[in-house]
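S.K.: One file is attached below, data_8.pdb, containing PDB, C-alpha atoms.
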```
ATOM      1  CA  MET S   1     -18.573 -32.905  47.982  1.00  0.00           C
ATOM      2  CA  VAL S   2     -15.750 -32.547  50.583  1.00  0.00           C
ATOM      3  CA  GLN S   3     -12.310 -31.258  49.507  1.00  0.00           C
ATOM      4  CA  GLY S   4     -13.209 -32.019  45.900  1.00  0.00           C
ATOM      5  CA  ILE S   5     -14.127 -35.631  46.665  1.00  0.00           C
ATOM      6  CA  LEU S   6     -17.061 -36.747  44.548  1.00  0.00           C
ATOM      7  CA  GLU S   7     -20.108 -38.451  45.993  1.00  0.00           C
ATOM      8  CA  VAL S   8     -19.963 -42.229  46.222  1.00  0.00           C
ATOM      9  CA  ARG S   9     -22.327 -44.239  44.017  1.00  0.00           C
ATOM     10  CA  ILE S  10     -22.314 -47.732  45.529  1.00  0.00           C
ATOM     11  CA  THR S  11     -23.012 -48.379  49.214  1.00  0.00           C
ATOM     12  CA  GLY S  12     -23.958 -51.099  51.684  1.00  0.00           C
ATOM     13  CA  GLU S  13     -24.930 -54.485  50.348  1.00  0.00           C
ATOM     14  CA  LYS S  14     -24.185 -53.389  46.780  1.00  0.00           C
ATOM     15  CA  ILE S  15     -20.495 -53.166  47.681  1.00  0.00           C
ATOM     16  CA  VAL S  16     -20.492 -56.693  49.067  1.00  0.00           C
ATOM     17  CA  HIS S  17     -22.336 -57.969  46.000  1.00  0.00           C
ATOM     18  CA  LYS S  18     -19.868 -56.199  43.686  1.00  0.00           C
ATOM     19  CA  TYR S  19     -16.808 -57.807  45.271  1.00  0.00           C
ATOM     20  CA  ASP S  20     -18.399 -61.219  45.551  1.00  0.00           C
ATOM     21  CA  ARG S  21     -19.135 -60.986  41.833  1.00  0.00           C
ATOM     22  CA  VAL S  22     -15.703 -59.788  40.685  1.00  0.00           C
ATOM     23  CA  ALA S  23     -13.651 -62.032  43.014  1.00  0.00           C
ATOM     24  CA  PRO S  24     -12.850 -64.623  40.284  1.00  0.00           C
ATOM     25  CA  VAL S  25     -11.325 -62.003  37.955  1.00  0.00           C
ATOM     26  CA  TYR S  26     -10.174 -59.347  40.415  1.00  0.00           C
ATOM     27  CA  ASP S  27      -6.488 -60.270  40.303  1.00  0.00           C
ATOM     28  CA  LEU S  28      -6.298 -60.222  36.512  1.00  0.00           C
ATOM     29  CA  PHE S  29      -7.606 -56.680  36.185  1.00  0.00           C
ATOM     30  CA  PHE S  30      -6.572 -55.050  39.452  1.00  0.00           C
ATOM     31  CA  GLY S  31      -4.075 -57.103  41.442  1.00  0.00           C
ATOM     32  CA  TYR S  32      -1.549 -57.768  38.694  1.00  0.00           C
ATOM     33  CA  VAL S  33      -2.210 -54.677  36.578  1.00  0.00           C
ATOM     34  CA  ILE S  34      -3.625 -51.420  37.941  1.00  0.00           C
ATOM     35  CA  GLU S  35      -2.868 -51.808  41.650  1.00  0.00           C
ATOM     36  CA  SER S  36       0.367 -53.796  41.730  1.00  0.00           C
ATOM     37  CA  LYS S  37       2.839 -50.895  41.777  1.00  0.00           C
ATOM     38  CA  ALA S  38       1.070 -49.052  44.602  1.00  0.00           C
ATOM     39  CA  ARG S  39       0.586 -52.256  46.608  1.00  0.00           C
ATOM     40  CA  GLN S  40       4.291 -53.045  46.379  1.00  0.00           C
ATOM     41  CA  ARG S  41       5.233 -49.555  47.504  1.00  0.00           C
ATOM     42  CA  ALA S  42       2.843 -49.869  50.452  1.00  0.00           C
ATOM     43  CA  LEU S  43       4.674 -53.009  51.574  1.00  0.00           C
ATOM     44  CA  GLU S  44       7.971 -51.161  51.428  1.00  0.00           C
ATOM     45  CA  LEU S  45       6.674 -48.183  53.415  1.00  0.00           C
ATOM     46  CA  ALA S  46       5.117 -50.478  56.020  1.00  0.00           C
ATOM     47  CA  GLY S  47       8.631 -51.620  56.966  1.00  0.00           C
ATOM     48  CA  ILE S  48       7.420 -54.888  58.485  1.00  0.00           C
ATOM     49  CA  GLU S  49       9.807 -56.226  61.121  1.00  0.00           C
ATOM     50  CA  ASN S  50       9.810 -59.928  61.890  1.00  0.00           C
ATOM     51  CA  GLY S  51       7.842 -60.664  65.049  1.00  0.00           C
ATOM     52  CA  GLU S  52       5.323 -57.842  64.711  1.00  0.00           C
ATOM     53  CA  ARG S  53       1.524 -58.077  64.885  1.00  0.00           C
ATOM     54  CA  VAL S  54       0.090 -56.941  61.549  1.00  0.00           C
ATOM     55  CA  LEU S  55      -3.486 -56.353  60.381  1.00  0.00           C
ATOM     56  CA  GLU S  56      -4.640 -56.037  56.787  1.00  0.00           C
ATOM     57  CA  VAL S  57      -8.134 -54.587  56.438  1.00  0.00           C
ATOM     58  CA  ALA S  58     -10.017 -55.248  53.187  1.00  0.00           C
ATOM     59  CA  MET S  59      -7.454 -57.906  52.307  1.00  0.00           C
ATOM     60  CA  GLY S  60      -9.239 -58.956  49.111  1.00  0.00           C
ATOM     61  CA  THR S  61      -7.814 -62.050  47.442  1.00  0.00           C
ATOM     62  CA  GLY S  62      -4.737 -62.130  49.656  1.00  0.00           C
ATOM     63  CA  LEU S  63      -2.097 -60.892  47.206  1.00  0.00           C
ATOM     64  CA  ASN S  64      -0.426 -58.662  49.789  1.00  0.00           C
ATOM     65  CA  PHE S  65      -1.270 -60.953  52.684  1.00  0.00           C
ATOM     66  CA  VAL S  66       1.065 -63.644  51.389  1.00  0.00           C
ATOM     67  CA  ASP S  67       3.911 -61.132  51.253  1.00  0.00           C
ATOM     68  CA  LEU S  68       3.120 -59.980  54.791  1.00  0.00           C
ATOM     69  CA  LEU S  69       3.421 -63.563  56.009  1.00  0.00           C
ATOM     70  CA  LYS S  70       6.751 -64.041  54.258  1.00  0.00           C
ATOM     71  CA  ARG S  71       8.159 -60.866  55.804  1.00  0.00           C
ATOM     72  CA  ASN S  72       6.920 -61.780  59.278  1.00  0.00           C
ATOM     73  CA  PRO S  73       7.417 -65.544  59.844  1.00  0.00           C
ATOM     74  CA  ASP S  74       7.791 -65.196  63.622  1.00  0.00           C
ATOM     75  CA  GLY S  75       4.975 -62.672  64.070  1.00  0.00           C
ATOM     76  CA  TRP S  76       1.250 -62.828  63.492  1.00  0.00           C
ATOM     77  CA  VAL S  77      -0.848 -61.479  60.603  1.00  0.00           C
ATOM     78  CA  HIS S  78      -4.614 -61.006  60.655  1.00  0.00           C
ATOM     79  CA  GLY S  79      -6.798 -60.220  57.648  1.00  0.00           C
ATOM     80  CA  VAL S  80     -10.365 -58.873  57.449  1.00  0.00           C
ATOM     81  CA  ASP S  81     -12.676 -58.609  54.462  1.00  0.00           C
ATOM     82  CA  ILE S  82     -16.402 -58.067  54.007  1.00  0.00           C
ATOM     83  CA  SER S  83     -16.672 -60.324  50.935  1.00  0.00           C
ATOM     84  CA  LEU S  84     -16.903 -64.057  51.561  1.00  0.00           C
ATOM     85  CA  ARG S  85     -15.833 -64.864  47.979  1.00  0.00           C
ATOM     86  CA  MET S  86     -12.750 -62.688  48.300  1.00  0.00           C
ATOM     87  CA  LEU S  87     -11.884 -64.306  51.617  1.00  0.00           C
ATOM     88  CA  GLU S  88     -12.315 -67.804  50.195  1.00  0.00           C
ATOM     89  CA  LYS S  89      -9.953 -67.011  47.345  1.00  0.00           C
ATOM     90  CA  ALA S  90      -7.440 -65.527  49.768  1.00  0.00           C
ATOM     91  CA  LYS S  91      -7.555 -68.615  51.969  1.00  0.00           C
ATOM     92  CA  LYS S  92      -6.717 -70.888  49.032  1.00  0.00           C
ATOM     93  CA  ARG S  93      -3.748 -68.701  48.157  1.00  0.00           C
ATOM     94  CA  ILE S  94      -2.503 -68.570  51.752  1.00  0.00           C
ATOM     95  CA  LEU S  95      -2.785 -72.336  52.300  1.00  0.00           C
ATOM     96  CA  LYS S  96      -0.229 -72.847  49.531  1.00  0.00           C
ATOM     97  CA  THR S  97       2.391 -71.042  51.607  1.00  0.00           C
ATOM     98  CA  GLY S  98       2.217 -73.646  54.366  1.00  0.00           C
ATOM     99  CA  GLN S  99       2.400 -70.933  57.020  1.00  0.00           C
ATOM    100  CA  LYS S 100       0.214 -71.013  60.114  1.00  0.00           C
ATOM    101  CA  ASN S 101       0.815 -67.613  61.729  1.00  0.00           C
ATOM    102  CA  TYR S 102      -2.353 -65.913  60.579  1.00  0.00           C
ATOM    103  CA  GLY S 103      -6.055 -65.410  61.202  1.00  0.00           C
ATOM    104  CA  LEU S 104      -8.791 -64.575  58.678  1.00  0.00           C
ATOM    105  CA  HIS S 105     -12.017 -62.786  59.576  1.00  0.00           C
ATOM    106  CA  LEU S 106     -15.220 -62.054  57.660  1.00  0.00           C
ATOM    107  CA  GLY S 107     -16.524 -58.708  58.815  1.00  0.00           C
ATOM    108  CA  ASP S 108     -17.070 -54.970  58.529  1.00  0.00           C
ATOM    109  CA  CYS S 109     -14.040 -52.683  58.642  1.00  0.00           C
ATOM    110  CA  GLY S 110     -15.929 -50.323  60.936  1.00  0.00           C
ATOM    111  CA  TYR S 111     -16.181 -52.936  63.711  1.00  0.00           C
ATOM    112  CA  LEU S 112     -12.893 -54.788  63.948  1.00  0.00           C
ATOM    113  CA  PRO S 113     -12.908 -57.900  66.187  1.00  0.00           C
ATOM    114  CA  PHE S 114      -9.788 -56.963  68.147  1.00  0.00           C
ATOM    115  CA  GLU S 115      -8.849 -55.337  71.442  1.00  0.00           C
ATOM    116  CA  LYS S 116      -7.426 -51.819  71.456  1.00  0.00           C
ATOM    117  CA  ASP S 117      -3.664 -51.374  71.114  1.00  0.00           C
ATOM    118  CA  THR S 118      -3.234 -54.766  69.427  1.00  0.00           C
ATOM    119  CA  PHE S 119      -1.261 -54.151  66.224  1.00  0.00           C
ATOM    120  CA  ASP S 120       2.123 -52.713  65.320  1.00  0.00           C
ATOM    121  CA  VAL S 121       1.077 -52.165  61.699  1.00  0.00           C
ATOM    122  CA  LEU S 122      -2.261 -51.753  59.910  1.00  0.00           C
ATOM    123  CA  ILE S 123      -2.430 -51.886  56.114  1.00  0.00           C
ATOM    124  CA  ASN S 124      -5.443 -51.102  53.949  1.00  0.00           C
ATOM    125  CA  HIS S 125      -5.791 -50.961  50.173  1.00  0.00           C
ATOM    126  CA  TYR S 126      -8.484 -49.350  48.033  1.00  0.00           C
ATOM    127  CA  LEU S 127     -11.269 -49.045  50.587  1.00  0.00           C
ATOM    128  CA  PHE S 128     -11.929 -45.359  51.183  1.00  0.00           C
ATOM    129  CA  ASP S 129     -12.258 -44.595  47.478  1.00  0.00           C
ATOM    130  CA  ILE S 130     -15.544 -46.551  47.488  1.00  0.00           C
ATOM    131  CA  LEU S 131     -16.882 -45.234  50.821  1.00  0.00           C
ATOM    132  CA  PRO S 132     -18.959 -42.124  51.619  1.00  0.00           C
ATOM    133  CA  VAL S 133     -16.855 -39.303  53.063  1.00  0.00           C
ATOM    134  CA  GLU S 134     -18.922 -39.289  56.258  1.00  0.00           C
ATOM    135  CA  GLU S 135     -17.601 -42.780  57.026  1.00  0.00           C
ATOM    136  CA  PHE S 136     -13.917 -41.819  56.749  1.00  0.00           C
ATOM    137  CA  VAL S 137     -13.393 -40.561  60.305  1.00  0.00           C
ATOM    138  CA  PRO S 138     -15.383 -43.303  62.108  1.00  0.00           C
ATOM    139  CA  ILE S 139     -13.496 -46.033  60.239  1.00  0.00           C
ATOM    140  CA  LEU S 140     -10.122 -44.364  60.740  1.00  0.00           C
ATOM    141  CA  GLN S 141     -10.963 -44.061  64.451  1.00  0.00           C
ATOM    142  CA  GLU S 142     -11.531 -47.809  64.520  1.00  0.00           C
ATOM    143  CA  PHE S 143      -8.199 -48.347  62.769  1.00  0.00           C
ATOM    144  CA  LYS S 144      -6.540 -46.122  65.352  1.00  0.00           C
ATOM    145  CA  ARG S 145      -8.206 -47.983  68.212  1.00  0.00           C
ATOM    146  CA  VAL S 146      -6.594 -51.319  67.320  1.00  0.00           C
ATOM    147  CA  LEU S 147      -3.160 -49.799  66.615  1.00  0.00           C
ATOM    148  CA  LYS S 148      -0.581 -49.579  69.365  1.00  0.00           C
ATOM    149  CA  GLU S 149       0.824 -46.198  70.296  1.00  0.00           C
ATOM    150  CA  GLU S 150       3.335 -45.218  67.612  1.00  0.00           C
ATOM    151  CA  GLY S 151       2.008 -48.043  65.460  1.00  0.00           C
ATOM    152  CA  ARG S 152       2.205 -47.553  61.708  1.00  0.00           C
ATOM    153  CA  ILE S 153      -0.703 -47.207  59.319  1.00  0.00           C
ATOM    154  CA  VAL S 154      -0.342 -47.558  55.540  1.00  0.00           C
ATOM    155  CA  LEU S 155      -3.266 -46.692  53.280  1.00  0.00           C
ATOM    156  CA  VAL S 156      -3.598 -46.964  49.501  1.00  0.00           C
ATOM    157  CA  ASN S 157      -6.444 -45.449  47.508  1.00  0.00           C
ATOM    158  CA  MET S 158      -7.347 -44.032  44.152  1.00  0.00           C
ATOM    159  CA  THR S 159      -6.610 -40.308  44.262  1.00  0.00           C
ATOM    160  CA  LYS S 160      -6.593 -37.224  42.044  1.00  0.00           C
ATOM    161  CA  GLY S 161      -3.479 -36.697  39.957  1.00  0.00           C
ATOM    162  CA  GLU S 162      -2.153 -33.573  38.282  1.00  0.00           C
ATOM    163  CA  LYS S 163      -1.725 -34.930  34.755  1.00  0.00           C
ATOM    164  CA  TRP S 164      -4.574 -35.047  32.274  1.00  0.00           C
ATOM    165  CA  VAL S 165      -4.421 -38.836  32.081  1.00  0.00           C
ATOM    166  CA  HIS S 166      -5.036 -39.012  35.845  1.00  0.00           C
ATOM    167  CA  GLN S 167      -7.984 -36.660  35.587  1.00  0.00           C
ATOM    168  CA  LEU S 168      -9.493 -38.809  32.855  1.00  0.00           C
ATOM    169  CA  TYR S 169     -10.706 -41.377  35.405  1.00  0.00           C
ATOM    170  CA  GLU S 170     -12.385 -38.612  37.405  1.00  0.00           C
ATOM    171  CA  GLU S 171     -14.148 -37.264  34.339  1.00  0.00           C
ATOM    172  CA  LEU S 172     -15.358 -40.716  33.333  1.00  0.00           C
ATOM    173  CA  TYR S 173     -16.724 -41.114  36.862  1.00  0.00           C
ATOM    174  CA  ARG S 174     -18.602 -37.824  36.577  1.00  0.00           C
ATOM    175  CA  LEU S 175     -20.096 -38.927  33.261  1.00  0.00           C
ATOM    176  CA  ARG S 176     -20.932 -42.389  34.622  1.00  0.00           C
ATOM    177  CA  LEU S 177     -18.802 -43.996  31.903  1.00  0.00           C
ATOM    178  CA  ILE S 178     -16.461 -45.935  34.209  1.00  0.00           C
ATOM    179  CA  PRO S 179     -16.312 -49.695  33.428  1.00  0.00           C
ATOM    180  CA  PRO S 180     -18.347 -51.862  35.844  1.00  0.00           C
ATOM    181  CA  LEU S 181     -15.256 -53.128  37.705  1.00  0.00           C
ATOM    182  CA  LEU S 182     -14.342 -49.531  38.581  1.00  0.00           C
ATOM    183  CA  ALA S 183     -17.877 -48.243  39.075  1.00  0.00           C
ATOM    184  CA  GLY S 184     -17.477 -47.432  42.763  1.00  0.00           C
ATOM    185  CA  CYS S 185     -14.011 -45.821  42.714  1.00  0.00           C
ATOM    186  CA  ARG S 186     -13.250 -42.111  42.744  1.00  0.00           C
ATOM    187  CA  GLY S 187     -10.280 -40.059  43.853  1.00  0.00           C
ATOM    188  CA  VAL S 188      -9.810 -39.243  47.550  1.00  0.00           C
ATOM    189  CA  PHE S 189      -7.310 -37.505  49.849  1.00  0.00           C
ATOM    190  CA  LEU S 190      -6.920 -39.138  53.254  1.00  0.00           C
ATOM    191  CA  GLN S 191      -4.142 -37.188  54.957  1.00  0.00           C
ATOM    192  CA  PRO S 192      -6.423 -34.398  56.318  1.00  0.00           C
ATOM    193  CA  PHE S 193      -8.642 -36.996  57.991  1.00  0.00           C
ATOM    194  CA  LEU S 194      -5.642 -38.746  59.532  1.00  0.00           C
ATOM    195  CA  GLU S 195      -4.283 -35.423  60.787  1.00  0.00           C
ATOM    196  CA  GLN S 196      -7.650 -34.729  62.403  1.00  0.00           C
ATOM    197  CA  LEU S 197      -7.245 -37.929  64.434  1.00  0.00           C
ATOM    198  CA  GLY S 198      -3.742 -37.124  65.629  1.00  0.00           C
ATOM    199  CA  PHE S 199      -1.635 -39.235  63.261  1.00  0.00           C
ATOM    200  CA  THR S 200       1.846 -37.856  62.581  1.00  0.00           C
ATOM    201  CA  GLY S 201       5.039 -38.497  60.601  1.00  0.00           C
ATOM    202  CA  PHE S 202       3.383 -38.552  57.195  1.00  0.00           C
ATOM    203  CA  LYS S 203       4.870 -39.914  54.008  1.00  0.00           C
ATOM    204  CA  ARG S 204       2.635 -39.566  50.931  1.00  0.00           C
ATOM    205  CA  GLU S 205       3.469 -40.692  47.425  1.00  0.00           C
ATOM    206  CA  LEU S 206       1.531 -40.554  44.167  1.00  0.00           C
ATOM    207  CA  ILE S 207       1.823 -43.801  42.223  1.00  0.00           C
ATOM    208  CA  SER S 208       0.550 -44.012  38.645  1.00  0.00           C
ATOM    209  CA  LYS S 209       0.112 -47.118  36.522  1.00  0.00           C
ATOM    210  CA  PHE S 210      -1.596 -47.010  33.143  1.00  0.00           C
ATOM    211  CA  GLY S 211      -2.751 -43.542  34.120  1.00  0.00           C
ATOM    212  CA  PHE S 212      -4.596 -44.825  37.212  1.00  0.00           C
ATOM    213  CA  PRO S 213      -3.549 -42.536  40.120  1.00  0.00           C
ATOM    214  CA  SER S 214      -3.084 -43.991  43.602  1.00  0.00           C
ATOM    215  CA  GLU S 215      -1.933 -42.345  46.823  1.00  0.00           C
ATOM    216  CA  VAL S 216       0.160 -44.318  49.280  1.00  0.00           C
ATOM    217  CA  ILE S 217       0.186 -42.808  52.767  1.00  0.00           C
ATOM    218  CA  GLN S 218       2.237 -43.936  55.732  1.00  0.00           C
ATOM    219  CA  ALA S 219       1.653 -42.351  59.138  1.00  0.00           C
ATOM    220  CA  VAL S 220       2.186 -43.045  62.828  1.00  0.00           C
ATOM    221  CA  ARG S 221      -0.402 -43.162  65.587  1.00  0.00           C
ATOM    222  CA  GLY S 222       0.458 -40.383  68.029  1.00  0.00           C
ATOM    223  CA  ARG S 223       0.706 -40.851  71.771  1.00  0.00           C
ATOM    224  CA  ARG S 224      -2.504 -40.515  73.777  1.00  0.00           C
ATOM    225  CA  ASP S 225      -1.534 -37.099  75.109  1.00  0.00           C
ATOM    226  CA  ARG S 226      -1.227 -35.797  71.544  1.00  0.00           C
ATOM    227  CA  GLY S 227      -4.027 -37.646  69.794  1.00  0.00           C
ATOM    228  CA  ILE S 228      -7.732 -38.248  70.098  1.00  0.00           C
TER     229      ILE S 228
END
```
Once you've parsed the file, please lay out its structure as structure tokens.
M.R.:
Amino acid sequence: MVQGILEVRITGEKIVHKYDRVAPVYDLFFGYVIESKARQRALELAGIENGERVLEVAMGTGLNFVDLLKRNPDGWVHGVDISLRMLEKAKKRILKTGQKNYGLHLGDCGYLPFEKDTFDVLINHYLFDILPVEEFVPILQEFKRVLKEEGRIVLVNMTKGEKWVHQLYEELYRLRLIPPLLAGCRGVFLQPFLEQLGFTGFKRELISKFGFPSEVIQAVRGRRDRGI
């Protein structure tokens, strides 16, 4: 356990299977309910400017991706997800917008199919709270690789809150009583890992909805002479 972060319970192919299985109902339980407030705040903190190159990693069913397209009609938005079912659902949603300035990619977040220094903004929601701690730095290094210097990163994850209702989720996780849809999630803190990689200019907010605690972190990739 690192910095109070509990051990992860679902890894590898089980994660892919989980998200393929829940794709049809994901929006009803997560997108429109538990995660919506934190996702909206992440969009605000990202401060997308029209004409930018934007990447969303673990884009899920495309709820945020559609908003990214609307905010950036003259730019380009790429999305990556490891679940084919999630990506298929996202594509259907995106096609309804009629916009063409995007690319969708099926793949692993640890091996992004882009050149270094490609994106002005990288956004990621609810990924690290299902990953082993030992994967945090390698994946964040990959995120940093594809970001331009002084590019912005915005991350949203389940975290640990101070109120008892926030701690309830953590206790249920310990007791293995979390509902199946939440079985892989536990609270994390990502700022120390970002600091380790030279990110700066942090903004961190705790967002709570129905007692589910999320952290929203915005940071900036430092210049090469200050970062790793």
S.K.: Please measure the separation of atom CA of S:Val66 and atom CA of S:Ile82, giving the value in Å to one decimal.
M.R.: 18.5 Å
S.K.: What gap, in Å, lies between atom CA of S:Pro132 and atom CA of S:Leu106?
M.R.: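 Atom CA of S:Pro132 sits 21.2 Å away from atom CA of S:Leu106.
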S.K.: I'd like the contact shell of S:Leu206 - 7 Å cut-off, all atoms listed in the file, skipping same-chain residues fewer than 4 positions apart - returned as a list in words.
M.R.: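 Close residues of S:Leu206: Pro213, Ser214, Glu215 and Val216 of chain S.
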S.K.: Which residues are near S:Leu84? Cut-off 10 Å, only C-alpha atoms, ignore same chain within fewer than 6 positions. Put them as a list of chain:residue names.
M.R.: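 Near neighbours after the sequence-gap exclusion: S:Val16, S:His17, S:Tyr19, S:Asp20, S:Ala23, S:Gly60, S:Ala90, S:His105, S:Leu106, S:Gly107.
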S.K.: May I have the residues within 12 Å of S:Lys203 as a ChimeraX atom specification, using only C-alpha atoms and disregarding those fewer than 3 positions away in the same chain?
M.R.: /S:41-42,44-46,152-156,190-191,194,199-200,206,215-220
S.K.: Running the PyMOL selection byres ((chain S and resi 68) around 10) on this model by hand, what would come out? Give it as a list in words.
M.R.: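 Answer for the PyMOL selection byres ((chain S and resi 68) around 10): Leu43, Ala46, Ile48, Glu49, Asn50, Val54, Leu55, Glu56, Gly62, Leu63, Asn64, Phe65, Val66, Asp67, Leu69, Lys70, Arg71, Asn72, Pro73, Gly75, Trp76, Val77, His78, Tyr102 and Ile123 of chain S.
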S.K.: I'd like the contact shell of S:Ile5 - 8 Å cut-off, all atoms listed in the file, skipping same-chain residues fewer than 6 positions apart - returned as an NGL selection string.
M.R.: :S and (133 or 186-189)
S.K.: Evaluate the PyMOL selection byres ((chain S and resi 222) around 12) and record the selected residues as an mmCIF file with C-alpha atoms, in the coordinates of the input, following the chain and residue labels used in the document.
M.R.:
```cif
data_model
loop_
_atom_site.group_PDB
_atom_site.id
_atom_site.type_symbol
_atom_site.label_atom_id
_atom_site.label_comp_id
_atom_site.auth_asym_id
_atom_site.auth_seq_id
_atom_site.Cartn_x
_atom_site.Cartn_y
_atom_site.Cartn_z
ATOM 1 C CA LYS S 144 -6.540 -46.122 65.352
ATOM 2 C CA ARG S 145 -8.206 -47.983 68.212
ATOM 3 C CA LEU S 147 -3.160 -49.799 66.615
ATOM 4 C CA LYS S 148 -0.581 -49.579 69.365
ATOM 5 C CA GLU S 149 0.824 -46.198 70.296
ATOM 6 C CA GLU S 150 3.335 -45.218 67.612
ATOM 7 C CA GLY S 151 2.008 -48.043 65.460
ATOM 8 C CA ARG S 152 2.205 -47.553 61.708
ATOM 9 C CA ILE S 153 -0.703 -47.207 59.319
ATOM 10 C CA LEU S 194 -5.642 -38.746 59.532
ATOM 11 C CA GLU S 195 -4.283 -35.423 60.787
ATOM 12 C CA GLN S 196 -7.650 -34.729 62.403
ATOM 13 C CA LEU S 197 -7.245 -37.929 64.434
ATOM 14 C CA GLY S 198 -3.742 -37.124 65.629
ATOM 15 C CA PHE S 199 -1.635 -39.235 63.261
ATOM 16 C CA THR S 200 1.846 -37.856 62.581
ATOM 17 C CA GLY S 201 5.039 -38.497 60.601
ATOM 18 C CA PHE S 202 3.383 -38.552 57.195
ATOM 19 C CA ALA S 219 1.653 -42.351 59.138
ATOM 20 C CA VAL S 220 2.186 -43.045 62.828
ATOM 21 C CA ARG S 221 -0.402 -43.162 65.587
ATOM 22 C CA ARG S 223 0.706 -40.851 71.771
ATOM 23 C CA ARG S 224 -2.504 -40.515 73.777
ATOM 24 C CA ASP S 225 -1.534 -37.099 75.109
ATOM 25 C CA ARG S 226 -1.227 -35.797 71.544
ATOM 26 C CA GLY S 227 -4.027 -37.646 69.794
ATOM 27 C CA ILE S 228 -7.732 -38.248 70.098
#
```
S.K.: Using all atoms listed in the file, which of S:Phe212, S:Glu134, S:Thr97, S:Asn124 sits nearest S:Thr159?
M.R.: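 Among the listed residues, S:Phe212 lies closest to S:Thr159.
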S.K.: Mind giving me the straight-line distance from atom CA of S:Lys96 to atom CA of S:Phe119 in Å, one decimal?
M.R.: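 Distance reported for this atom pair: 25.1 Å.
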S.K.: With all atoms listed in the file as the basis for distance, which of S:Met86, S:Ala38, S:Val80, S:Leu104 is at the shortest distance from S:Ser208?
M.R.: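 Using all atoms listed in the file, S:Ser208 sits closest to S:Ala38.
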S.K.: Given the choices S:Met158, S:Val25, S:Val8, S:Val57, which gets closest to S:Tyr126 if the distance is worked out from all atoms listed in the file?
M.R.: S:Met158
S.K.: Given the choices S:Glu162, S:Glu7, S:Glu35, S:Asp74, which gets closest to S:Glu52 if the distance is worked out from all atoms listed in the file?
M.R.: S:Asp74
S.K.: Taking all atoms listed in the file into account, name the residue in S:Gln99, S:Ile130, S:Gln40, S:Ile94 that is nearest to S:Leu6.
M.R.: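 Smallest separation from S:Leu6 among the options: S:Ile130.
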S.K.: With distances taken over all atoms listed in the file, which residue among S:Lys160, S:Leu127, S:Lys89, S:Gly98 lies nearest S:Gly211?
M.R.: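 Ranking S:Lys160, S:Leu127, S:Lys89, S:Gly98 by distance to S:Gly211, first place goes to S:Lys160.
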S.K.: So that all listed atoms of stretch 64-71 of chain S fit with 4 Å spare on each side, what axis-aligned box centre and edge lengths in Å, to one decimal, would you give as JSON?
M.R.:
```
{"center_x": 3.4, "center_y": -61.4, "center_z": 52.9, "size_x": 17.4, "size_y": 13.4, "size_z": 14.2}
```
